[in-house]
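Colleague: Structure file start_7.pdb (PDB, C-alpha atoms) right here:
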```pdb
MODEL        1
ATOM      1  CA  MET W   1      27.918 -58.233  48.125
ATOM      2  CA  ALA W   2      29.221 -55.023  46.575
ATOM      3  CA  PRO W   3      28.525 -54.361  42.891
ATOM      4  CA  ARG W   4      31.221 -55.487  40.491
ATOM      5  CA  LEU W   5      30.747 -52.272  38.504
ATOM      6  CA  GLN W   6      29.154 -49.041  39.716
ATOM      7  CA  PHE W   7      28.434 -45.726  37.982
ATOM      8  CA  ASP W   8      27.385 -43.036  40.453
ATOM      9  CA  GLY W   9      26.349 -39.861  38.643
ATOM     10  CA  ILE W  10      29.148 -40.230  36.070
ATOM     11  CA  SER W  11      29.094 -37.710  33.212
ATOM     12  CA  LYS W  12      31.423 -36.823  30.354
ATOM     13  CA  VAL W  13      31.512 -33.600  28.369
ATOM     14  CA  PHE W  14      33.685 -33.051  25.285
ATOM     15  CA  GLY W  15      33.940 -29.322  24.649
ATOM     16  CA  ARG W  16      30.338 -28.162  24.644
ATOM     17  CA  ARG W  17      28.867 -31.570  23.894
ATOM     18  CA  ALA W  18      27.617 -33.840  26.672
ATOM     19  CA  ALA W  19      28.527 -37.348  25.515
ATOM     20  CA  LEU W  20      27.186 -38.836  28.735
ATOM     21  CA  GLU W  21      24.792 -37.205  31.171
ATOM     22  CA  PRO W  22      24.932 -38.236  34.852
ATOM     23  CA  LEU W  23      24.715 -42.030  34.738
ATOM     24  CA  SER W  24      23.956 -44.207  37.743
ATOM     25  CA  LEU W  25      23.749 -47.992  37.430
ATOM     26  CA  SER W  26      25.425 -51.105  38.777
ATOM     27  CA  VAL W  27      26.376 -54.625  37.710
ATOM     28  CA  GLU W  28      25.831 -57.118  40.502
ATOM     29  CA  PRO W  29      27.744 -60.362  41.149
ATOM     30  CA  GLY W  30      26.575 -63.206  38.939
ATOM     31  CA  GLU W  31      24.414 -61.179  36.558
ATOM     32  CA  ILE W  32      24.499 -60.265  32.890
ATOM     33  CA  LEU W  33      23.553 -56.666  32.166
ATOM     34  CA  GLY W  34      22.900 -55.619  28.579
ATOM     35  CA  PHE W  35      23.949 -52.064  27.715
ATOM     36  CA  LEU W  36      21.830 -50.858  24.806
ATOM     37  CA  GLY W  37      21.367 -47.781  22.689
ATOM     38  CA  PRO W  38      21.605 -46.543  19.107
ATOM     39  CA  ASN W  39      24.939 -45.517  17.614
ATOM     40  CA  GLY W  40      26.292 -42.410  19.315
ATOM     41  CA  ALA W  41      24.235 -42.940  22.480
ATOM     42  CA  GLY W  42      27.314 -42.893  24.752
ATOM     43  CA  LYS W  43      27.803 -46.620  25.383
ATOM     44  CA  THR W  44      31.474 -46.779  24.408
ATOM     45  CA  THR W  45      32.164 -43.551  26.315
ATOM     46  CA  ALA W  46      30.732 -45.162  29.454
ATOM     47  CA  ILE W  47      32.850 -48.287  28.940
ATOM     48  CA  HIS W  48      36.024 -46.231  28.443
ATOM     49  CA  LEU W  49      35.274 -44.305  31.624
ATOM     50  CA  ALA W  50      34.894 -47.559  33.560
ATOM     51  CA  LEU W  51      38.221 -48.803  32.228
ATOM     52  CA  GLY W  52      40.021 -45.574  33.058
ATOM     53  CA  PHE W  53      40.709 -44.666  29.432
ATOM     54  CA  LEU W  54      38.793 -41.417  29.998
ATOM     55  CA  ARG W  55      38.319 -39.254  33.084
ATOM     56  CA  PRO W  56      34.764 -38.284  34.045
ATOM     57  CA  THR W  57      33.624 -34.681  34.028
ATOM     58  CA  SER W  58      31.632 -35.353  37.185
ATOM     59  CA  GLY W  59      30.577 -38.239  39.401
ATOM     60  CA  THR W  60      32.394 -41.274  40.718
ATOM     61  CA  GLY W  61      32.554 -44.948  39.916
ATOM     62  CA  SER W  62      34.068 -48.207  41.067
ATOM     63  CA  LEU W  63      35.344 -51.294  39.287
ATOM     64  CA  LEU W  64      35.619 -54.399  41.472
ATOM     65  CA  GLY W  65      35.649 -52.186  44.543
ATOM     66  CA  LYS W  66      38.374 -49.852  43.261
ATOM     67  CA  PRO W  67      38.141 -46.417  41.580
ATOM     68  CA  PHE W  68      37.888 -46.423  37.805
ATOM     69  CA  GLY W  69      41.341 -46.886  36.267
ATOM     70  CA  ASP W  70      42.862 -48.819  39.194
ATOM     71  CA  ALA W  71      45.470 -51.255  37.818
ATOM     72  CA  ARG W  72      44.772 -53.912  40.474
ATOM     73  CA  ALA W  73      41.104 -53.984  39.542
ATOM     74  CA  ARG W  74      41.831 -54.172  35.821
ATOM     75  CA  ALA W  75      43.932 -57.300  36.442
ATOM     76  CA  ARG W  76      40.709 -59.026  37.595
ATOM     77  CA  LEU W  77      38.807 -57.870  34.522
ATOM     78  CA  GLY W  78      38.260 -59.260  31.042
ATOM     79  CA  PHE W  79      37.674 -56.743  28.238
ATOM     80  CA  VAL W  80      36.785 -57.171  24.568
ATOM     81  CA  PRO W  81      36.755 -53.941  22.518
ATOM     82  CA  ASP W  82      34.518 -53.359  19.533
ATOM     83  CA  VAL W  83      37.493 -53.649  17.160
ATOM     84  CA  PRO W  84      40.278 -55.771  18.701
ATOM     85  CA  VAL W  85      43.861 -55.236  17.499
ATOM     86  CA  PHE W  86      46.634 -57.836  17.517
ATOM     87  CA  PHE W  87      50.373 -58.198  17.001
ATOM     88  CA  ALA W  88      51.883 -60.434  14.308
ATOM     89  CA  GLU W  89      51.690 -63.820  16.024
ATOM     90  CA  ARG W  90      49.686 -67.020  16.192
ATOM     91  CA  ALA W  91      46.488 -67.410  18.171
ATOM     92  CA  ALA W  92      48.056 -69.373  21.041
ATOM     93  CA  SER W  93      50.893 -66.880  21.401
ATOM     94  CA  SER W  94      48.379 -64.031  21.420
ATOM     95  CA  VAL W  95      46.421 -65.575  24.299
ATOM     96  CA  GLU W  96      49.606 -66.372  26.242
ATOM     97  CA  PHE W  97      50.758 -62.778  25.749
ATOM     98  CA  ALA W  98      47.502 -61.568  27.318
ATOM     99  CA  ALA W  99      48.133 -63.940  30.228
ATOM    100  CA  ARG W 100      51.640 -62.562  30.806
ATOM    101  CA  LEU W 101      50.263 -59.011  30.783
ATOM    102  CA  ASN W 102      48.080 -60.130  33.700
ATOM    103  CA  GLY W 103      51.051 -61.605  35.546
ATOM    104  CA  ILE W 104      50.094 -65.223  34.872
ATOM    105  CA  ARG W 105      53.033 -67.650  34.848
ATOM    106  CA  ASP W 106      51.058 -70.804  35.626
ATOM    107  CA  ARG W 107      52.434 -74.166  34.483
ATOM    108  CA  ARG W 108      48.955 -74.906  33.125
ATOM    109  CA  LEU W 109      48.999 -71.829  30.902
ATOM    110  CA  LYS W 110      49.491 -73.736  27.644
ATOM    111  CA  GLU W 111      46.765 -76.206  28.559
ATOM    112  CA  ARG W 112      44.429 -73.391  29.608
ATOM    113  CA  THR W 113      45.172 -71.587  26.319
ATOM    114  CA  ARG W 114      44.288 -74.687  24.285
ATOM    115  CA  GLU W 115      41.031 -75.117  26.213
ATOM    116  CA  LEU W 116      39.996 -71.504  25.702
ATOM    117  CA  LEU W 117      40.817 -71.484  22.000
ATOM    118  CA  ALA W 118      38.764 -74.644  21.525
ATOM    119  CA  SER W 119      35.849 -73.118  23.460
ATOM    120  CA  VAL W 120      35.700 -70.127  21.081
ATOM    121  CA  GLY W 121      36.019 -72.246  17.927
ATOM    122  CA  LEU W 122      39.748 -71.785  17.266
ATOM    123  CA  PRO W 123      41.160 -75.177  18.286
ATOM    124  CA  PRO W 124      44.946 -75.667  18.134
ATOM    125  CA  GLY W 125      46.269 -77.991  15.450
ATOM    126  CA  THR W 126      44.166 -76.535  12.652
ATOM    127  CA  GLU W 127      45.385 -74.519   9.698
ATOM    128  CA  ASP W 128      43.964 -71.356  11.279
ATOM    129  CA  SER W 129      46.004 -71.936  14.431
ATOM    130  CA  ARG W 130      49.201 -71.459  12.404
ATOM    131  CA  LYS W 131      48.109 -68.184  10.753
ATOM    132  CA  ASP W 132      49.213 -64.674  11.611
ATOM    133  CA  VAL W 133      46.176 -63.502  13.598
ATOM    134  CA  ARG W 134      46.201 -60.166  11.762
ATOM    135  CA  LYS W 135      45.017 -62.128   8.718
ATOM    136  CA  PHE W 136      42.062 -63.608  10.576
ATOM    137  CA  SER W 137      38.565 -62.618   9.530
ATOM    138  CA  ARG W 138      36.793 -60.095  11.752
ATOM    139  CA  GLY W 139      34.723 -62.868  13.321
ATOM    140  CA  MET W 140      37.800 -64.984  14.093
ATOM    141  CA  GLN W 141      39.468 -61.970  15.692
ATOM    142  CA  GLN W 142      36.444 -61.471  17.929
ATOM    143  CA  ARG W 143      36.649 -65.108  19.017
ATOM    144  CA  LEU W 144      40.347 -64.679  19.789
ATOM    145  CA  ALA W 145      39.712 -61.473  21.747
ATOM    146  CA  LEU W 146      37.183 -63.318  23.902
ATOM    147  CA  ALA W 147      39.738 -66.052  24.648
ATOM    148  CA  GLN W 148      42.214 -63.339  25.673
ATOM    149  CA  ALA W 149      39.601 -61.764  27.944
ATOM    150  CA  LEU W 150      38.956 -65.075  29.717
ATOM    151  CA  ILE W 151      42.566 -66.194  30.230
ATOM    152  CA  ASN W 152      42.883 -64.547  33.660
ATOM    153  CA  ASP W 153      39.612 -66.076  34.948
ATOM    154  CA  PRO W 154      38.105 -62.590  35.447
ATOM    155  CA  GLU W 155      35.424 -61.663  37.963
ATOM    156  CA  LEU W 156      33.894 -59.187  35.512
ATOM    157  CA  LEU W 157      33.675 -59.214  31.712
ATOM    158  CA  ILE W 158      33.169 -55.923  29.857
ATOM    159  CA  LEU W 159      32.325 -56.588  26.228
ATOM    160  CA  ASP W 160      31.737 -54.004  23.499
ATOM    161  CA  GLU W 161      29.756 -55.673  20.683
ATOM    162  CA  PRO W 162      31.306 -59.132  21.268
ATOM    163  CA  ALA W 163      29.314 -60.911  18.551
ATOM    164  CA  SER W 164      28.814 -58.235  15.878
ATOM    165  CA  ALA W 165      30.868 -60.061  13.213
ATOM    166  CA  LEU W 166      30.144 -63.650  14.195
ATOM    167  CA  ASP W 167      28.255 -66.255  12.195
ATOM    168  CA  PRO W 168      25.327 -68.068  13.877
ATOM    169  CA  ALA W 169      27.599 -70.795  15.254
ATOM    170  CA  GLY W 170      29.892 -68.164  16.754
ATOM    171  CA  VAL W 171      26.969 -66.293  18.296
ATOM    172  CA  LEU W 172      25.815 -69.534  19.924
ATOM    173  CA  GLN W 173      29.308 -70.181  21.317
ATOM    174  CA  VAL W 174      29.494 -66.677  22.787
ATOM    175  CA  ARG W 175      26.042 -67.105  24.328
ATOM    176  CA  GLU W 176      27.064 -70.374  25.954
ATOM    177  CA  LEU W 177      30.318 -68.872  27.265
ATOM    178  CA  LEU W 178      28.495 -65.939  28.829
ATOM    179  CA  GLN W 179      25.912 -68.216  30.426
ATOM    180  CA  GLN W 180      28.723 -70.382  31.822
ATOM    181  CA  ALA W 181      30.430 -67.264  33.146
ATOM    182  CA  ARG W 182      27.259 -66.260  34.991
ATOM    183  CA  GLN W 183      26.808 -69.759  36.409
ATOM    184  CA  SER W 184      30.335 -69.617  37.826
ATOM    185  CA  GLY W 185      29.563 -66.318  39.605
ATOM    186  CA  LYS W 186      31.132 -63.926  37.127
ATOM    187  CA  SER W 187      29.423 -60.704  36.080
ATOM    188  CA  VAL W 188      29.021 -59.578  32.474
ATOM    189  CA  PHE W 189      28.462 -56.033  31.220
ATOM    190  CA  PHE W 190      28.092 -55.914  27.483
ATOM    191  CA  SER W 191      27.052 -53.544  24.776
ATOM    192  CA  SER W 192      25.278 -55.087  21.822
ATOM    193  CA  HIS W 193      22.965 -54.360  18.916
ATOM    194  CA  GLN W 194      21.966 -58.027  18.694
ATOM    195  CA  LEU W 195      18.736 -57.615  20.595
ATOM    196  CA  THR W 196      17.642 -61.224  20.241
ATOM    197  CA  GLU W 197      20.775 -62.332  22.090
ATOM    198  CA  VAL W 198      20.277 -59.662  24.745
ATOM    199  CA  GLU W 199      16.729 -60.899  25.273
ATOM    200  CA  ARG W 200      17.942 -64.492  25.557
ATOM    201  CA  ILE W 201      20.647 -64.080  28.186
ATOM    202  CA  CYS W 202      20.402 -60.768  30.067
ATOM    203  CA  ASP W 203      19.062 -60.437  33.593
ATOM    204  CA  ARG W 204      18.760 -56.655  33.359
ATOM    205  CA  ILE W 205      19.205 -54.012  30.690
ATOM    206  CA  ALA W 206      20.157 -50.352  30.628
ATOM    207  CA  LEU W 207      19.185 -48.242  27.607
ATOM    208  CA  LEU W 208      21.000 -45.046  26.647
ATOM    209  CA  ARG W 209      19.707 -42.443  24.245
ATOM    210  CA  GLU W 210      21.737 -39.309  23.425
ATOM    211  CA  GLY W 211      23.827 -39.839  26.542
ATOM    212  CA  ARG W 212      20.870 -40.224  28.905
ATOM    213  CA  LEU W 213      19.727 -43.352  30.723
ATOM    214  CA  MET W 214      16.192 -43.962  29.435
ATOM    215  CA  ARG W 215      15.404 -47.442  30.765
ATOM    216  CA  TYR W 216      17.046 -49.545  33.475
ATOM    217  CA  GLY W 217      15.809 -52.655  35.204
ATOM    218  CA  SER W 218      14.996 -56.322  34.877
ATOM    219  CA  LEU W 219      14.253 -57.425  31.347
ATOM    220  CA  SER W 220      10.999 -59.124  32.327
ATOM    221  CA  ALA W 221       9.698 -55.973  34.034
ATOM    222  CA  LEU W 222      10.640 -53.675  31.166
ATOM    223  CA  LEU W 223       9.026 -55.952  28.609
ATOM    224  CA  THR W 224       5.703 -55.572  30.410
ATOM    225  CA  GLU W 225       6.001 -51.786  30.747
ATOM    226  CA  SER W 226       5.652 -51.132  27.061
ATOM    227  CA  GLY W 227       2.494 -49.032  27.249
ATOM    228  CA  ARG W 228       0.565 -51.758  25.435
ATOM    229  CA  MET W 229      -2.186 -54.156  26.469
ATOM    230  CA  GLU W 230      -3.148 -57.581  25.179
ATOM    231  CA  ALA W 231      -6.683 -58.955  25.015
ATOM    232  CA  VAL W 232      -7.780 -62.389  23.865
ATOM    233  CA  VAL W 233     -11.324 -62.137  22.466
ATOM    234  CA  ARG W 234     -13.624 -65.052  21.621
ATOM    235  CA  GLY W 235     -16.890 -65.112  19.675
ATOM    236  CA  ILE W 236     -16.100 -62.442  17.060
ATOM    237  CA  SER W 237     -15.455 -63.377  13.445
ATOM    238  CA  PRO W 238     -12.185 -62.305  11.804
ATOM    239  CA  ALA W 239     -14.111 -60.073   9.399
ATOM    240  CA  ALA W 240     -15.930 -58.346  12.253
ATOM    241  CA  ALA W 241     -12.702 -58.010  14.221
ATOM    242  CA  ALA W 242     -10.956 -56.372  11.258
ATOM    243  CA  ARG W 243     -13.829 -53.892  11.020
ATOM    244  CA  LEU W 244     -14.160 -53.234  14.757
ATOM    245  CA  PHE W 245     -10.458 -53.224  15.656
ATOM    246  CA  PRO W 246      -8.572 -51.974  12.576
ATOM    247  CA  GLY W 247      -4.843 -52.564  12.891
ATOM    248  CA  LEU W 248      -5.080 -54.243  16.310
ATOM    249  CA  VAL W 249      -5.608 -57.917  15.443
ATOM    250  CA  ASP W 250      -2.295 -59.649  16.138
ATOM    251  CA  ALA W 251      -3.116 -63.318  15.524
ATOM    252  CA  GLU W 252      -5.128 -65.561  13.260
ATOM    253  CA  PRO W 253      -8.254 -67.223  14.713
ATOM    254  CA  ASP W 254      -8.247 -70.712  16.224
ATOM    255  CA  GLY W 255      -5.589 -71.776  18.616
ATOM    256  CA  VAL W 256      -4.380 -68.484  20.094
ATOM    257  CA  ARG W 257      -2.203 -69.275  23.111
ATOM    258  CA  SER W 258      -2.043 -66.126  25.227
ATOM    259  CA  ARG W 259       0.845 -67.209  27.450
ATOM    260  CA  PRO W 260       3.311 -70.124  27.351
ATOM    261  CA  GLY W 261       1.879 -73.112  29.204
ATOM    262  CA  GLU W 262      -1.730 -71.886  29.109
ATOM    263  CA  PRO W 263      -4.393 -73.789  27.138
ATOM    264  CA  GLU W 264      -5.299 -72.727  23.639
ATOM    265  CA  GLN W 265      -8.413 -70.598  23.121
ATOM    266  CA  PRO W 266     -10.189 -72.039  20.054
ATOM    267  CA  GLY W 267     -11.802 -69.510  17.771
ATOM    268  CA  SER W 268     -10.193 -66.567  19.523
ATOM    269  CA  LEU W 269      -8.248 -63.515  18.426
ATOM    270  CA  ARG W 270      -5.458 -61.599  20.126
ATOM    271  CA  LEU W 271      -5.611 -57.800  20.095
ATOM    272  CA  ILE W 272      -2.656 -55.539  20.932
ATOM    273  CA  PHE W 273      -3.594 -51.936  21.753
ATOM    274  CA  PRO W 274      -2.350 -48.870  23.687
ATOM    275  CA  ARG W 275      -3.002 -48.526  27.401
ATOM    276  CA  GLY W 276      -6.051 -46.374  28.003
ATOM    277  CA  GLU W 277      -8.092 -48.192  25.347
ATOM    278  CA  GLN W 278      -9.225 -51.034  27.641
ATOM    279  CA  ARG W 279     -12.743 -49.666  28.082
ATOM    280  CA  ARG W 280     -13.241 -49.171  24.355
ATOM    281  CA  VAL W 281     -12.047 -52.719  23.615
ATOM    282  CA  LEU W 282     -14.330 -54.191  26.284
ATOM    283  CA  GLU W 283     -17.418 -52.247  25.201
ATOM    284  CA  THR W 284     -16.845 -52.870  21.501
ATOM    285  CA  ALA W 285     -16.348 -56.609  22.038
ATOM    286  CA  TRP W 286     -19.395 -56.923  24.291
ATOM    287  CA  ASN W 287     -21.635 -54.927  21.936
ATOM    288  CA  GLU W 288     -20.696 -57.378  19.181
ATOM    289  CA  GLY W 289     -21.503 -60.364  21.400
ATOM    290  CA  GLY W 290     -17.892 -61.282  22.034
ATOM    291  CA  GLU W 291     -16.223 -62.483  25.227
ATOM    292  CA  ILE W 292     -12.962 -61.169  26.718
ATOM    293  CA  VAL W 293     -11.011 -64.276  27.703
ATOM    294  CA  ARG W 294      -7.950 -62.419  28.932
ATOM    295  CA  MET W 295      -6.677 -58.858  29.290
ATOM    296  CA  ALA W 296      -3.186 -58.048  30.591
ATOM    297  CA  PRO W 297      -0.092 -55.956  29.815
ATOM    298  CA  ALA W 298       1.471 -57.039  26.524
ATOM    299  CA  GLY W 299       5.041 -58.265  26.807
ATOM    300  CA  GLY W 300       6.144 -57.529  23.271
ATOM    301  CA  ASN W 301       9.751 -58.230  22.341
ATOM    302  CA  LEU W 302      12.924 -56.293  22.884
ATOM    303  CA  GLU W 303      13.387 -55.287  19.251
ATOM    304  CA  GLU W 304       9.958 -53.629  19.093
ATOM    305  CA  LEU W 305      10.464 -51.899  22.427
ATOM    306  CA  PHE W 306      13.972 -50.741  21.546
ATOM    307  CA  LEU W 307      12.604 -48.957  18.490
ATOM    308  CA  GLU W 308       9.803 -47.478  20.583
ATOM    309  CA  TRP W 309      12.093 -46.337  23.414
ATOM    310  CA  THR W 310      14.654 -44.774  21.075
ATOM    311  CA  GLY W 311      12.053 -43.068  18.889
ATOM    312  CA  GLN W 312      13.151 -45.017  15.814
ATOM    313  CA  GLY W 313       9.916 -46.871  15.194
ATOM    314  CA  ASN W 314       6.164 -46.526  15.317
ATOM    315  CA  GLY W 315       5.546 -48.440  18.521
ATOM    316  CA  SER W 316       2.009 -48.912  19.617
ATOM    317  CA  GLY W 317       2.698 -46.631  22.552
ATOM    318  CA  ASP W 318       2.621 -43.786  20.035
ATOM    319  CA  ARG W 319      -0.135 -45.230  17.881
ATOM    320  CA  GLU W 320      -3.248 -43.155  17.455
ATOM    321  CA  SER W 321      -6.469 -44.745  18.625
ATOM    322  CA  ALA W 322      -7.932 -47.204  16.130
ATOM    323  CA  PHE W 323     -11.438 -46.318  17.382
ATOM    324  CA  PRO W 324     -13.450 -43.459  15.880
ATOM    325  CA  GLN W 325     -13.641 -40.365  18.070
ATOM    326  CA  GLY W 326     -17.029 -38.786  17.839
ATOM    327  CA  PRO W 327     -20.180 -37.916  19.759
ATOM    328  CA  GLY W 328     -20.708 -40.348  22.615
ATOM    329  CA  SER W 329     -17.108 -41.594  22.604
ATOM    330  CA  ALA W 330     -15.944 -42.287  26.151
TER     331      ALA W 330
ENDMDL
END
```
So, in terms of structure tokens, how does the structure I just supplied come out?

Modeller:
Amino acid sequence: MAPRLQFDGISKVFGRRAALEPLSLSVEPGEILGFLGPNGAGKTTAIHLALGFLRPTSGTGSLLGKPFGDARARARLGFVPDVPVFFAERAASSVEFAARLNGIRDRRLKERTRELLASVGLPPGTEDSRKDVRKFSRGMQQRLALAQALINDPELLILDEPASALDPAGVLQVRELLQQARQSGKSVFFSSHQLTEVERICDRIALLREGRLMRYGSLSALLTESGRMEAVVRGISPAAAARLFPGLVDAEPDGVRSRPGEPEQPGSLRLIFPRGEQRRVLETAWNEGGEIVRMAPAGGNLEELFLEWTGQGNGSGDRESAFPQGPGSA
């Protein structure tokens, strides 16, 4: 099946500043793709290009099989901006207005509106349902915007920070809605700074930095390409490990579980270290009488890797060797 969203060498230049360098990526049917990057990386520019709000400087793209900006394609799309804006009306009227903009005149519209509002935590019949939506809190407005985006049963959802102002209950509701959307065959392309949520639900991620695509691929693959290794070592005391491997011990002794589902390794320690240090770790452990139980690429977590990839942290990929460099060092 054709991608639901495709960027093919799309770039955007404002004056002399390249807001987006040639970008190529796709969102496939039935997947959730997380679009990450620090502020000013070009994420919103890319979204506005896909929606036809901006024209690219170079390259081409397609949205649901049509060129960017095609009105027929946008009718099959659901979009939530970073800061949604509403008219002076109640929540139900706001959702029904979005439906009419999409040409929906279904007799089930009112019932569908009630169902959607309940699914995002704004059930009809409450005091909030009678308020002017402009007086809603930022989190309530984000919930309402998501209901608007879903009213036309879209094939693709494009979401710009959909949960940035939500409380934990709201974040959970958004997560469940996106997972349900994927299960029903919809595609989701969303920008977010909530990396824990991205890690929970995304199939693939794309990372922008200063307008350039830095990382792109399945989340599981990228989490194991962090430039770090993990070793589980047994038979070395914590005191000796602290002396031999300064700054590398990542777990307390007794009961280290190296991977989910694997048995515990009593009296063992987990070490996290840069690639290229495997030989030093092996030799140091063996010389001390220790045993290497396991050595493999370290998965890490998305927050740590995001900081490493964007140059905002001191990831272990940039860490200097914790071993002394001197005569006889290999």

Colleague: Evaluate the PyMOL selection byres ((chain W and resi 292) around 9) here and jot the selected residues down as a PyMOL selection string.

Modeller: chain W and resi 231-235+282+285-286+290-291+293-295

Colleague: Do a neighbour search on Asn39 of chain W at 10 Å with all atoms listed in the file, toss out local chain neighbours closer than 6 positions, and write the hits as a list in words.

Modeller: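 So, after excluding close chain neighbours, the residues are His193, Leu208, Arg209 and Glu210 of chain W.
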
Colleague: Name the residues that the PyMOL selection byres ((chain W and resi 85) around 10) picks from the file above, as a ChimeraX atom specification, using the file's chain letters and numbers.

Modeller: /W:81-84,86-87,133-134,141-142,145

Colleague: In Å, rounded to a single decimal, give me how far atom CA of Gly125 of chain W is from atom CA of Asp160 of chain W.

Modeller: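 These two atoms are separated by 29.2 Å.
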
Colleague: Name the residues that the PyMOL selection byres ((chain W and resi 196) around 12) picks from the file above, as a list of chain:residue names, using the file's chain letters and numbers.

Modeller: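 On this input, the PyMOL selection byres ((chain W and resi 196) around 12) captures W:Gly34, W:Ala163, W:Val171, W:Leu172, W:Arg175, W:Ser192, W:His193, W:Gln194, W:Leu195, W:Glu197, W:Val198, W:Glu199, W:Arg200, W:Ile201, W:Cys202, W:Asn301, W:Leu302, W:Glu303, W:Glu304, W:Leu305, W:Phe306.
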
Colleague: Hey, can you spit out that residue selection with C-alpha atoms as a compact mmCIF listing (two decimals), keeping the file's coordinate frame?

Modeller:
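So result-v6.txt came out as:
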```txt
# COMPACT_ATOMS: atom_id res chain seq x y z
CA GLY W 34 22.90 -55.62 28.58
CA ALA W 163 29.31 -60.91 18.55
CA VAL W 171 26.97 -66.29 18.30
CA LEU W 172 25.82 -69.53 19.92
CA ARG W 175 26.04 -67.10 24.33
CA SER W 192 25.28 -55.09 21.82
CA HIS W 193 22.96 -54.36 18.92
CA GLN W 194 21.97 -58.03 18.69
CA LEU W 195 18.74 -57.62 20.60
CA GLU W 197 20.78 -62.33 22.09
CA VAL W 198 20.28 -59.66 24.74
CA GLU W 199 16.73 -60.90 25.27
CA ARG W 200 17.94 -64.49 25.56
CA ILE W 201 20.65 -64.08 28.19
CA CYS W 202 20.40 -60.77 30.07
CA ASN W 301 9.75 -58.23 22.34
CA LEU W 302 12.92 -56.29 22.88
CA GLU W 303 13.39 -55.29 19.25
CA GLU W 304 9.96 -53.63 19.09
CA LEU W 305 10.46 -51.90 22.43
CA PHE W 306 13.97 -50.74 21.55
```

Colleague: May I have the residues within 12 Å of Ser187 of chain W as a VMD selection string, using all atoms listed in the file and disregarding those fewer than 5 positions away in the same chain?

Modeller: chain W and resid 2 to 5 26 to 34 63 to 64 76 to 78 153 to 159 178 to 182 202 to 204

Colleague: Draw an axis-aligned box tight on the listed atoms of segment 286-298 of chain W, then pad every side by 5 Å and write out centre and edge lengths in Å to one decimal as lines of an AutoDock Vina configuration file.

Modeller:
```
center_x = -10.1
center_y = -59.6
center_z = 24.9
size_x = 33.1
size_y = 19.3
size_z = 21.4
```

Colleague: List the spatial neighbours of Thr57 of chain W as a PyMOL selection string - criterion: any atom at most 12 Å away, only C-alpha atoms, same-chain residues fewer than 4 positions off excluded.

Modeller: chain W and resi 9-23+45-46+49+61

Colleague: Give me, please, the distance in Å between atom CA of Arg143 of chain W and atom CA of Ala92 of chain W, quoted to one decimal.

Modeller: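 About the pair atom CA of Arg143 of chain W and atom CA of Ala92 of chain W: they are 12.3 Å apart.
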
Colleague: For atom CA of Gly289 of chain W and atom CA of Ile236 of chain W, quote the distance in Å rounded to one decimal.

Modeller: 7.2 Å

Colleague: Can you work out which one of W:Leu146, W:Ile205, W:Leu219, W:Ala71 has the shortest atom-to-atom distance to Phe35 of chain W, counting all atoms listed in the file?

Modeller: W:Ile205
